>>> print(open('run.pdb').read())   # PDB, N, CA and C atoms
MODEL        1
ATOM      1  N   MET A 109      14.952   3.183  14.200
ATOM      2  CA  MET A 109      15.614   1.890  14.087
ATOM      3  C   MET A 109      16.628   1.994  12.946
ATOM      4  N   THR A 110      17.842   1.636  13.217
ATOM      5  CA  THR A 110      18.880   1.725  12.198
ATOM      6  C   THR A 110      18.815   0.548  11.236
ATOM      7  N   THR A 111      19.196   0.810   9.991
ATOM      8  CA  THR A 111      19.205  -0.251   8.985
ATOM      9  C   THR A 111      20.605  -0.489   8.456
ATOM     10  N   LYS A 112      21.581   0.196   9.016
ATOM     11  CA  LYS A 112      22.946   0.059   8.534
ATOM     12  C   LYS A 112      23.393  -1.392   8.660
ATOM     13  N   GLY A 113      23.804  -1.960   7.558
ATOM     14  CA  GLY A 113      24.292  -3.325   7.569
ATOM     15  C   GLY A 113      23.229  -4.384   7.357
ATOM     16  N   THR A 114      21.965  -3.986   7.233
ATOM     17  CA  THR A 114      20.916  -4.975   6.977
ATOM     18  C   THR A 114      20.669  -5.065   5.482
ATOM     19  N   PRO A 115      20.391  -6.261   4.980
ATOM     20  CA  PRO A 115      20.155  -6.407   3.545
ATOM     21  C   PRO A 115      18.820  -5.787   3.132
ATOM     22  N   GLY A 116      18.761  -5.271   1.919
ATOM     23  CA  GLY A 116      17.515  -4.753   1.372
ATOM     24  C   GLY A 116      16.629  -5.906   0.932
ATOM     25  N   ARG A 117      15.334  -5.686   0.992
ATOM     26  CA  ARG A 117      14.353  -6.689   0.557
ATOM     27  C   ARG A 117      13.468  -6.059  -0.503
ATOM     28  N   MET A 118      12.898  -6.886  -1.340
ATOM     29  CA  MET A 118      12.000  -6.389  -2.368
ATOM     30  C   MET A 118      10.609  -6.955  -2.117
ATOM     31  N   VAL A 119       9.617  -6.089  -2.193
ATOM     32  CA  VAL A 119       8.230  -6.529  -2.088
ATOM     33  C   VAL A 119       7.477  -6.006  -3.310
ATOM     34  N   ARG A 120       6.424  -6.714  -3.671
ATOM     35  CA  ARG A 120       5.608  -6.289  -4.804
ATOM     36  C   ARG A 120       4.306  -5.717  -4.269
ATOM     37  N   ILE A 121       4.093  -4.434  -4.538
ATOM     38  CA  ILE A 121       2.899  -3.723  -4.094
ATOM     39  C   ILE A 121       2.455  -2.811  -5.239
ATOM     40  N   GLU A 122       1.165  -2.767  -5.476
ATOM     41  CA  GLU A 122       0.625  -1.939  -6.553
ATOM     42  C   GLU A 122       1.050  -0.480  -6.367
ATOM     43  N   ASP A 123       1.283   0.217  -7.482
ATOM     44  CA  ASP A 123       1.762   1.597  -7.440
ATOM     45  C   ASP A 123       0.839   2.520  -6.651
ATOM     46  N   ASP A 124      -0.468   2.409  -6.858
ATOM     47  CA  ASP A 124      -1.389   3.318  -6.169
ATOM     48  C   ASP A 124      -1.392   3.070  -4.662
ATOM     49  N   VAL A 125      -1.273   1.823  -4.261
ATOM     50  CA  VAL A 125      -1.220   1.485  -2.835
ATOM     51  C   VAL A 125       0.096   1.979  -2.242
ATOM     52  N   TRP A 126       1.187   1.819  -2.966
ATOM     53  CA  TRP A 126       2.501   2.259  -2.489
ATOM     54  C   TRP A 126       2.518   3.774  -2.290
ATOM     55  N   LYS A 127       1.928   4.484  -3.230
ATOM     56  CA  LYS A 127       1.871   5.945  -3.136
ATOM     57  C   LYS A 127       1.054   6.370  -1.917
ATOM     58  N   ALA A 128      -0.118   5.769  -1.740
ATOM     59  CA  ALA A 128      -0.971   6.091  -0.597
ATOM     60  C   ALA A 128      -0.272   5.725   0.714
ATOM     61  N   TYR A 129       0.433   4.596   0.730
ATOM     62  CA  TYR A 129       1.163   4.169   1.916
ATOM     63  C   TYR A 129       2.250   5.183   2.265
ATOM     64  N   GLY A 130       2.911   5.708   1.258
ATOM     65  CA  GLY A 130       3.918   6.742   1.480
ATOM     66  C   GLY A 130       3.306   7.985   2.108
ATOM     67  N   GLN A 131       2.132   8.380   1.637
ATOM     68  CA  GLN A 131       1.441   9.537   2.211
ATOM     69  C   GLN A 131       1.048   9.265   3.663
ATOM     70  N   LEU A 132       0.524   8.076   3.917
ATOM     71  CA  LEU A 132       0.134   7.687   5.272
ATOM     72  C   LEU A 132       1.337   7.749   6.210
ATOM     73  N   CYS A 133       2.435   7.144   5.794
ATOM     74  CA  CYS A 133       3.637   7.126   6.637
ATOM     75  C   CYS A 133       4.158   8.541   6.881
ATOM     76  N   GLU A 134       4.129   9.373   5.847
ATOM     77  CA  GLU A 134       4.589  10.757   5.995
ATOM     78  C   GLU A 134       3.731  11.492   7.026
ATOM     79  N   GLU A 135       2.428  11.300   6.968
ATOM     80  CA  GLU A 135       1.525  11.933   7.933
ATOM     81  C   GLU A 135       1.807  11.446   9.353
ATOM     82  N   GLU A 136       2.248  10.203   9.485
ATOM     83  CA  GLU A 136       2.553   9.639  10.803
ATOM     84  C   GLU A 136       3.987   9.916  11.236
ATOM     85  N   GLY A 137       4.760  10.579  10.380
ATOM     86  CA  GLY A 137       6.131  10.942  10.736
ATOM     87  C   GLY A 137       7.107   9.785  10.702
ATOM     88  N   THR A 138       6.864   8.824   9.833
ATOM     89  CA  THR A 138       7.758   7.676   9.718
ATOM     90  C   THR A 138       8.022   7.405   8.242
ATOM     91  N   SER A 139       8.875   6.452   7.981
ATOM     92  CA  SER A 139       9.137   6.039   6.597
ATOM     93  C   SER A 139       8.439   4.714   6.337
ATOM     94  N   ARG A 140       8.249   4.408   5.080
ATOM     95  CA  ARG A 140       7.678   3.100   4.740
ATOM     96  C   ARG A 140       8.544   1.987   5.315
ATOM     97  N   ALA A 141       9.846   2.101   5.126
ATOM     98  CA  ALA A 141      10.766   1.046   5.564
ATOM     99  C   ALA A 141      10.677   0.840   7.072
ATOM    100  N   ASP A 142      10.659   1.930   7.845
ATOM    101  CA  ASP A 142      10.591   1.785   9.293
ATOM    102  C   ASP A 142       9.245   1.196   9.718
ATOM    103  N   ASP A 143       8.166   1.615   9.089
ATOM    104  CA  ASP A 143       6.838   1.089   9.416
ATOM    105  C   ASP A 143       6.764  -0.406   9.119
ATOM    106  N   ILE A 144       7.301  -0.806   7.979
ATOM    107  CA  ILE A 144       7.293  -2.231   7.619
ATOM    108  C   ILE A 144       8.151  -3.029   8.594
ATOM    109  N   ARG A 145       9.338  -2.513   8.928
ATOM    110  CA  ARG A 145      10.209  -3.211   9.883
ATOM    111  C   ARG A 145       9.512  -3.388  11.225
ATOM    112  N   ARG A 146       8.862  -2.328  11.731
ATOM    113  CA  ARG A 146       8.176  -2.430  13.020
ATOM    114  C   ARG A 146       7.047  -3.453  12.954
ATOM    115  N   HIS A 147       6.324  -3.478  11.838
ATOM    116  CA  HIS A 147       5.237  -4.452  11.677
ATOM    117  C   HIS A 147       5.790  -5.883  11.684
ATOM    118  N   VAL A 148       6.838  -6.111  10.934
ATOM    119  CA  VAL A 148       7.430  -7.452  10.847
ATOM    120  C   VAL A 148       7.981  -7.874  12.208
ATOM    121  N   HIS A 149       8.670  -6.979  12.894
ATOM    122  CA  HIS A 149       9.205  -7.311  14.225
ATOM    123  C   HIS A 149       8.082  -7.673  15.191
ATOM    124  N   ALA A 150       6.998  -6.922  15.171
ATOM    125  CA  ALA A 150       5.868  -7.208  16.069
ATOM    126  C   ALA A 150       5.253  -8.563  15.749
ATOM    127  N   ARG A 151       5.072  -8.862  14.470
ATOM    128  CA  ARG A 151       4.494 -10.148  14.084
ATOM    129  C   ARG A 151       5.381 -11.311  14.492
ATOM    130  N   VAL A 152       6.684 -11.177  14.267
ATOM    131  CA  VAL A 152       7.627 -12.245  14.619
ATOM    132  C   VAL A 152       7.679 -12.425  16.136
ATOM    133  N   ALA A 153       7.685 -11.334  16.894
ATOM    134  CA  ALA A 153       7.704 -11.433  18.353
ATOM    135  C   ALA A 153       6.461 -12.169  18.857
ATOM    136  N   ALA A 154       5.299 -11.847  18.299
ATOM    137  CA  ALA A 154       4.055 -12.527  18.698
ATOM    138  C   ALA A 154       4.120 -14.008  18.350
ATOM    139  N   TRP A 155       4.643 -14.328  17.183
ATOM    140  CA  TRP A 155       4.768 -15.725  16.749
ATOM    141  C   TRP A 155       5.713 -16.493  17.677
ATOM    142  N   ARG A 156       6.819 -15.847  18.031
ATOM    143  CA  ARG A 156       7.779 -16.510  18.923
ATOM    144  C   ARG A 156       7.167 -16.748  20.305
ATOM    145  N   ARG A 157       6.391 -15.793  20.810
ATOM    146  CA  ARG A 157       5.735 -15.999  22.104
ATOM    147  C   ARG A 157       4.769 -17.172  22.024
ATOM    148  N   LYS A 158       4.026 -17.269  20.920
ATOM    149  CA  LYS A 158       3.091 -18.378  20.743
ATOM    150  C   LYS A 158       3.846 -19.700  20.664
ATOM    151  N   GLN A 159       4.958 -19.722  19.937
ATOM    152  CA  GLN A 159       5.767 -20.937  19.846
ATOM    153  C   GLN A 159       6.218 -21.372  21.232
ATOM    154  N   ALA A 160       6.669 -20.444  22.042
ATOM    155  CA  ALA A 160       7.142 -20.764  23.392
ATOM    156  C   ALA A 160       5.990 -21.292  24.246
ATOM    157  N   ARG A 161       4.807 -20.685  24.127
ATOM    158  CA  ARG A 161       3.646 -21.176  24.887
ATOM    159  C   ARG A 161       3.296 -22.591  24.469
ATOM    160  N   ASP A 162       3.316 -22.851  23.157
ATOM    161  CA  ASP A 162       2.989 -24.193  22.661
ATOM    162  C   ASP A 162       3.989 -25.233  23.164
ATOM    163  N   VAL A 163       5.269 -24.896  23.167
ATOM    164  CA  VAL A 163       6.300 -25.812  23.660
ATOM    165  C   VAL A 163       6.090 -26.079  25.142
ATOM    166  N   ASN A 164       5.816 -25.016  25.899
ATOM    167  CA  ASN A 164       5.592 -25.186  27.345
ATOM    168  C   ASN A 164       4.350 -26.008  27.614
ATOM    169  N   ALA A 165       3.289 -25.817  26.846
ATOM    170  CA  ALA A 165       2.069 -26.600  27.023
ATOM    171  C   ALA A 165       2.332 -28.065  26.730
ATOM    172  N   ALA A 166       3.062 -28.347  25.668
ATOM    173  CA  ALA A 166       3.385 -29.730  25.320
ATOM    174  C   ALA A 166       4.235 -30.368  26.410
ATOM    175  N   ARG A 167       5.178 -29.594  26.953
ATOM    176  CA  ARG A 167       6.036 -30.097  28.023
ATOM    177  C   ARG A 167       5.183 -30.423  29.261
ATOM    178  N   ASN A 168       4.247 -29.546  29.593
ATOM    179  CA  ASN A 168       3.376 -29.777  30.755
ATOM    180  C   ASN A 168       2.532 -31.024  30.569
ATOM    181  N   ILE A 169       2.025 -31.245  29.367
ATOM    182  CA  ILE A 169       1.222 -32.440  29.088
ATOM    183  C   ILE A 169       2.096 -33.695  29.219
ATOM    184  N   ALA A 170       3.306 -33.616  28.683
ATOM    185  CA  ALA A 170       4.197 -34.774  28.720
ATOM    186  C   ALA A 170       4.602 -35.118  30.158
ATOM    187  N   GLU A 171       4.693 -34.106  31.009
ATOM    188  CA  GLU A 171       5.100 -34.322  32.389
ATOM    189  C   GLU A 171       3.945 -34.749  33.284
ATOM    190  N   SER A 172       2.714 -34.677  32.762
ATOM    191  CA  SER A 172       1.541 -35.046  33.583
ATOM    192  C   SER A 172       1.401 -36.534  33.726
TER     193      SER A 172
ENDMDL
END
>>> encode(input="run.pdb", output="structure tokens")
Amino acid sequence: MTTKGTPGRMVRIEDDVWKAYGQLCEEEGTSRADDIRRHVHARVAAWRRKQARDVNAARNIAES
């Protein structure tokens, strides 16, 4: 996933956890940044699907 043109973000994570996370990502063949981006995208996609289901459910109730 390309990051060209996207703004950088800052997160606060303990040094020992950050170091271990870097090792984990390296073993999985990815970067911390790419792993975090994929996690955030998945969470947002799930949230958006839930929002759409809730809107559709409310619409169905209103139309009943």
>>> residues_around(input="run.pdb", residues="region 140-152 of chain A", least_positions_apart="5", cutoff="12 Å", atoms="only C-alpha atoms", output="PyMOL selection string")
chain A and resi 109-111+114+116-119+125-135+157-159
>>> select_by_dssp(input="run.pdb", residues="chain A", states="helix (DSSP H, G or I)", output="PyMOL selection string")
chain A and resi 123-135+140-171
>>> atom_distance(input="run.pdb", atom1="atom N of Arg156 (chain A)", atom2="atom N of Glu171 (chain A)")
22.5 Å
>>> atom_distance(input="run.pdb", atom1="atom C of Glu136 (chain A)", atom2="atom C of Trp155 (chain A)")
27.2 Å
>>> atom_distance(input="run.pdb", atom1="CA of Thr138 (chain A)", atom2="CA of Lys112 (chain A)")
17.0 Å
>>> axis_aligned_box(input="run.pdb", around="region 142-161 of chain A", padding_each_side="3 Å", output="lines of an AutoDock Vina configuration file")
center_x = 6.9
center_y = -10.3
center_z = 16.3
size_x = 13.6
size_y = 30.5
size_z = 23.3
>>> decode(input="run.pdb", residues="region 156-172 of chain A", atoms="N, CA and C atoms", output="compact mmCIF listing (two decimals), in the first residue's frame")
# COMPACT_ATOMS: atom_id res chain seq x y z
N ARG A 156 -18.08 0.91 8.94
CA ARG A 156 -18.95 1.45 7.89
C ARG A 156 -20.03 0.44 7.49
N ARG A 157 -19.68 -0.84 7.42
CA ARG A 157 -20.69 -1.85 7.10
C ARG A 157 -21.76 -1.88 8.18
N LYS A 158 -21.35 -1.78 9.44
CA LYS A 158 -22.30 -1.78 10.55
C LYS A 158 -23.19 -0.54 10.47
N GLN A 159 -22.61 0.61 10.17
CA GLN A 159 -23.39 1.84 10.03
C GLN A 159 -24.45 1.66 8.95
N ALA A 160 -24.08 1.09 7.83
CA ALA A 160 -25.01 0.89 6.72
C ALA A 160 -26.12 -0.07 7.13
N ARG A 161 -25.77 -1.14 7.85
CA ARG A 161 -26.80 -2.08 8.32
C ARG A 161 -27.77 -1.40 9.26
N ASP A 162 -27.24 -0.58 10.17
CA ASP A 162 -28.10 0.13 11.13
C ASP A 162 -29.04 1.10 10.42
N VAL A 163 -28.55 1.81 9.42
CA VAL A 163 -29.38 2.74 8.65
C VAL A 163 -30.47 1.97 7.92
N ASN A 164 -30.09 0.85 7.30
CA ASN A 164 -31.08 0.05 6.57
C ASN A 164 -32.12 -0.53 7.51
N ALA A 165 -31.71 -0.97 8.69
CA ALA A 165 -32.66 -1.51 9.67
C ALA A 165 -33.63 -0.44 10.12
N ALA A 166 -33.13 0.76 10.38
CA ALA A 166 -33.99 1.86 10.80
C ALA A 166 -34.97 2.22 9.69
N ARG A 167 -34.49 2.20 8.44
CA ARG A 167 -35.35 2.50 7.30
C ARG A 167 -36.46 1.45 7.19
N ASN A 168 -36.10 0.18 7.37
CA ASN A 168 -37.10 -0.90 7.29
C ASN A 168 -38.15 -0.75 8.38
N ILE A 169 -37.74 -0.38 9.58
CA ILE A 169 -38.69 -0.18 10.68
C ILE A 169 -39.62 0.99 10.36
N ALA A 170 -39.04 2.06 9.84
CA ALA A 170 -39.84 3.25 9.54
C ALA A 170 -40.86 2.97 8.43
N GLU A 171 -40.50 2.09 7.51
CA GLU A 171 -41.39 1.77 6.40
C GLU A 171 -42.44 0.73 6.75
N SER A 172 -42.30 0.11 7.93
CA SER A 172 -43.27 -0.94 8.33
C SER A 172 -44.57 -0.35 8.78
